[in-house]
Amino acid sequence: MPLLTSPPPQQCHWQNFNTTAELEQAATQTILQAALQAISLRGTFHIVLAGGTTPRRVYESLCKSDADWAAWHVYFGDERCLPADHVERNSGMAAKAWLNHVAIPLNHIHIIPAEKGAQVAASNYAQTLASIELFDLVLLGLGEDGHTASLFPGHDLGNTANAPAVIAVENAPKYPPQRVSLSAHRLSTARKVIFLVSGTTKQQAVMDWRNGVAIPAAAISPTNGVDVYLEAALLA
Ligand code: 6PG
């Protein structure tokens, strides 16, 4: 039984932007740069997408970009246990904004089968991820309560070295109650992690985070630290 080693402390690189548009433009450029570098070094680019609404315009910008889409592999940081075509699915938002409009091969888009229920979907997705050692880039959002992906306060964050890669989430405080989430440990197994944070409702979570409160977002601790793309107004 491996020792339950505590995760390394999180290093945060805060990057403040005057407007949401500037934040989104910077995020789009960072993603495209990360893809160019990964593809030139390893021939592929493995990216984990954030859900919610914040990333939508970034996905729409990517849609207009010229990239070597055939080398991209897309995963999801979490998914809501709703029917596959439900309008509230994270995979549906990304498909509508971006994935349906670029030539990423369908077998490179790895959707969490959350319509099967949290336990079955978590088990299936863990098998999907088994062959991927390090993600090249993980995108994450931040909830008003400090959650990220579907890792919520008071719930298992999966932030130890022996944590499962994928967690079945029951009674989540954000609808729907049943979800599937990559664990904090798996989300941290990445070359680069970027949080996209906008909206005044996130101000308290950002303050807590910066004051060292152990919100779930603070459990994401990749070797190279995390970049937090933040609207400057949230620091006021
Ligand atoms: C989800 C998301 C969740 C989201 C945050 C922020 O399924 O709800 O994965 O973690 O990223 O709640 O959501 P907004 O971007 O809509 O503010």
# chains A, B, ... in the order shown; residues from 1 in each chain; ligands from 1
>>> closest_atom_pairs(of="chain A", to="ligand 1", cutoff="8 Å", atoms="only C-alpha atoms and all ligand atoms", output="Markdown table")
| residue | atom | partner | partner_atom_place_in_ligand_line | distance |
| --- | --- | --- | --- | --- |
| A:Ala50 | CA | ligand 1 | 9 (O) | 5.6 |
| A:Gly51 | CA | ligand 1 | 9 (O) | 3.8 |
| A:Gly52 | CA | ligand 1 | 16 (O) | 3.6 |
| A:Thr53 | CA | ligand 1 | 16 (O) | 3.8 |
| A:Thr54 | CA | ligand 1 | 15 (O) | 3.6 |
| A:Pro55 | CA | ligand 1 | 15 (O) | 6.5 |
| A:Gly77 | CA | ligand 1 | 9 (O) | 6.9 |
| A:Asp78 | CA | ligand 1 | 9 (O) | 5.5 |
| A:Glu79 | CA | ligand 1 | 7 (O) | 5.8 |
| A:Arg80 | CA | ligand 1 | 7 (O) | 6.0 |
| A:Arg89 | CA | ligand 1 | 7 (O) | 7.7 |
| A:Asn90 | CA | ligand 1 | 7 (O) | 6.2 |
| A:Leu140 | CA | ligand 1 | 11 (O) | 6.0 |
| A:Gly141 | CA | ligand 1 | 11 (O) | 3.6 |
| A:Leu142 | CA | ligand 1 | 6 (C) | 4.7 |
| A:Gly143 | CA | ligand 1 | 12 (O) | 4.0 |
| A:Glu144 | CA | ligand 1 | 12 (O) | 7.2 |
| A:His147 | CA | ligand 1 | 10 (O) | 6.2 |
| A:Thr148 | CA | ligand 1 | 10 (O) | 4.3 |
| A:Ala149 | CA | ligand 1 | 10 (O) | 3.6 |
| A:Ser150 | CA | ligand 1 | 10 (O) | 5.2 |
| A:Leu151 | CA | ligand 1 | 10 (O) | 7.4 |
| A:Lys174 | CA | ligand 1 | 8 (O) | 6.9 |
| A:Tyr175 | CA | ligand 1 | 8 (O) | 7.8 |
| A:Arg179 | CA | ligand 1 | 7 (O) | 7.9 |
| A:Leu196 | CA | ligand 1 | 15 (O) | 7.9 |
| A:Val197 | CA | ligand 1 | 15 (O) | 7.4 |
| A:Ser198 | CA | ligand 1 | 17 (O) | 7.2 |
| A:Gly199 | CA | ligand 1 | 17 (O) | 7.1 |
| A:Lys202 | CA | ligand 1 | 17 (O) | 7.8 |
>>> residues_around(residues="range 102-105 of chain A", least_positions_apart="4", cutoff="10 Å", atoms="only C-alpha atoms", output="MDAnalysis selection string")
chainID A and resid 62:74 95 98 109
>>> closest_atom_pairs(of="range 45-94 of chain A", to="range 22-38 of chain A", cutoff="7 Å", atoms="only C-alpha atoms", output="JSON lines")
{"residue": "A:Phe45", "atom": "CA", "partner": "A:Ala38", "partner_atom": "CA", "distance": 5.4}
{"residue": "A:Arg57", "atom": "CA", "partner": "A:Glu24", "partner_atom": "CA", "distance": 6.9}
{"residue": "A:Val58", "atom": "CA", "partner": "A:Glu24", "partner_atom": "CA", "distance": 5.4}
{"residue": "A:Ser61", "atom": "CA", "partner": "A:Thr28", "partner_atom": "CA", "distance": 6.7}
{"residue": "A:Leu62", "atom": "CA", "partner": "A:Thr28", "partner_atom": "CA", "distance": 6.4}
>>> write_last_selection(atoms="C-alpha atoms", output="mmCIF file, in the first residue's frame")
data_model
loop_
_atom_site.group_PDB
_atom_site.id
_atom_site.type_symbol
_atom_site.label_atom_id
_atom_site.label_comp_id
_atom_site.auth_asym_id
_atom_site.auth_seq_id
_atom_site.Cartn_x
_atom_site.Cartn_y
_atom_site.Cartn_z
ATOM 1 C CA PHE A 45 -1.214 17.581 -28.559
ATOM 2 C CA ARG A 57 -15.575 32.259 -26.557
ATOM 3 C CA VAL A 58 -12.083 30.784 -26.342
ATOM 4 C CA SER A 61 -11.772 31.666 -31.284
ATOM 5 C CA LEU A 62 -9.985 28.339 -31.699
#
>>> residues_around(residues="range 82-84 of chain A", least_positions_apart="3", cutoff="9 Å", atoms="only C-alpha atoms", output="CSV table (one decimal) with C-alpha atoms, in the first residue's frame")
chain,number,residue,atom,x,y,z
A,79,GLU,CA,-19.0,16.0,-17.4
A,87,VAL,CA,-27.9,21.3,-23.9
A,88,GLU,CA,-26.2,21.4,-20.5
A,89,ARG,CA,-23.5,18.9,-21.4
A,91,SER,CA,-19.1,18.2,-24.4
A,92,GLY,CA,-22.0,19.7,-26.2
A,113,PRO,CA,-19.9,8.8,-21.4
A,114,ALA,CA,-21.6,10.5,-18.5
A,115,GLU,CA,-25.1,9.5,-19.8
A,116,LYS,CA,-24.2,5.9,-18.6
A,117,GLY,CA,-24.2,7.2,-15.0
A,176,PRO,CA,-26.7,18.2,-12.0
A,178,GLN,CA,-24.4,13.4,-10.6
A,179,ARG,CA,-21.2,14.1,-12.4
>>> residues_around(residues="Gln15 in chain A", least_positions_apart="3", cutoff="8 Å", atoms="only C-alpha atoms", output="list in words")
Asp227, Val228, Tyr229 and Leu230 of chain A
>>> closest_residue(among="A:Val138, A:Ala190, A:Ala122, A:His155", to="Cys81 in chain A", atoms="only C-alpha atoms")
A:Ala122
>>> residues_around(residues="Gln203 in chain A", least_positions_apart="6", cutoff="9 Å", atoms="only C-alpha atoms", output="PDB file with C-alpha atoms, in the first residue's frame")
ATOM      1  CA  GLU A 144     -18.192  30.560  -6.937  1.00  0.00           C
ATOM      2  CA  ALA A 233     -11.536  43.568 -11.546  1.00  0.00           C
ATOM      3  CA  LEU A 234     -11.697  40.456  -9.375  1.00  0.00           C
ATOM      4  CA  LEU A 235      -8.678  41.690  -7.421  1.00  0.00           C
ATOM      5  CA  ALA A 236     -10.287  45.010  -6.526  1.00  0.00           C
TER       6      ALA A 236
END
>>> closest_residue(among="A:Phe152, A:Phe17, A:Phe135, A:Tyr75", to="Leu106 in chain A", atoms="only C-alpha atoms")
A:Tyr75
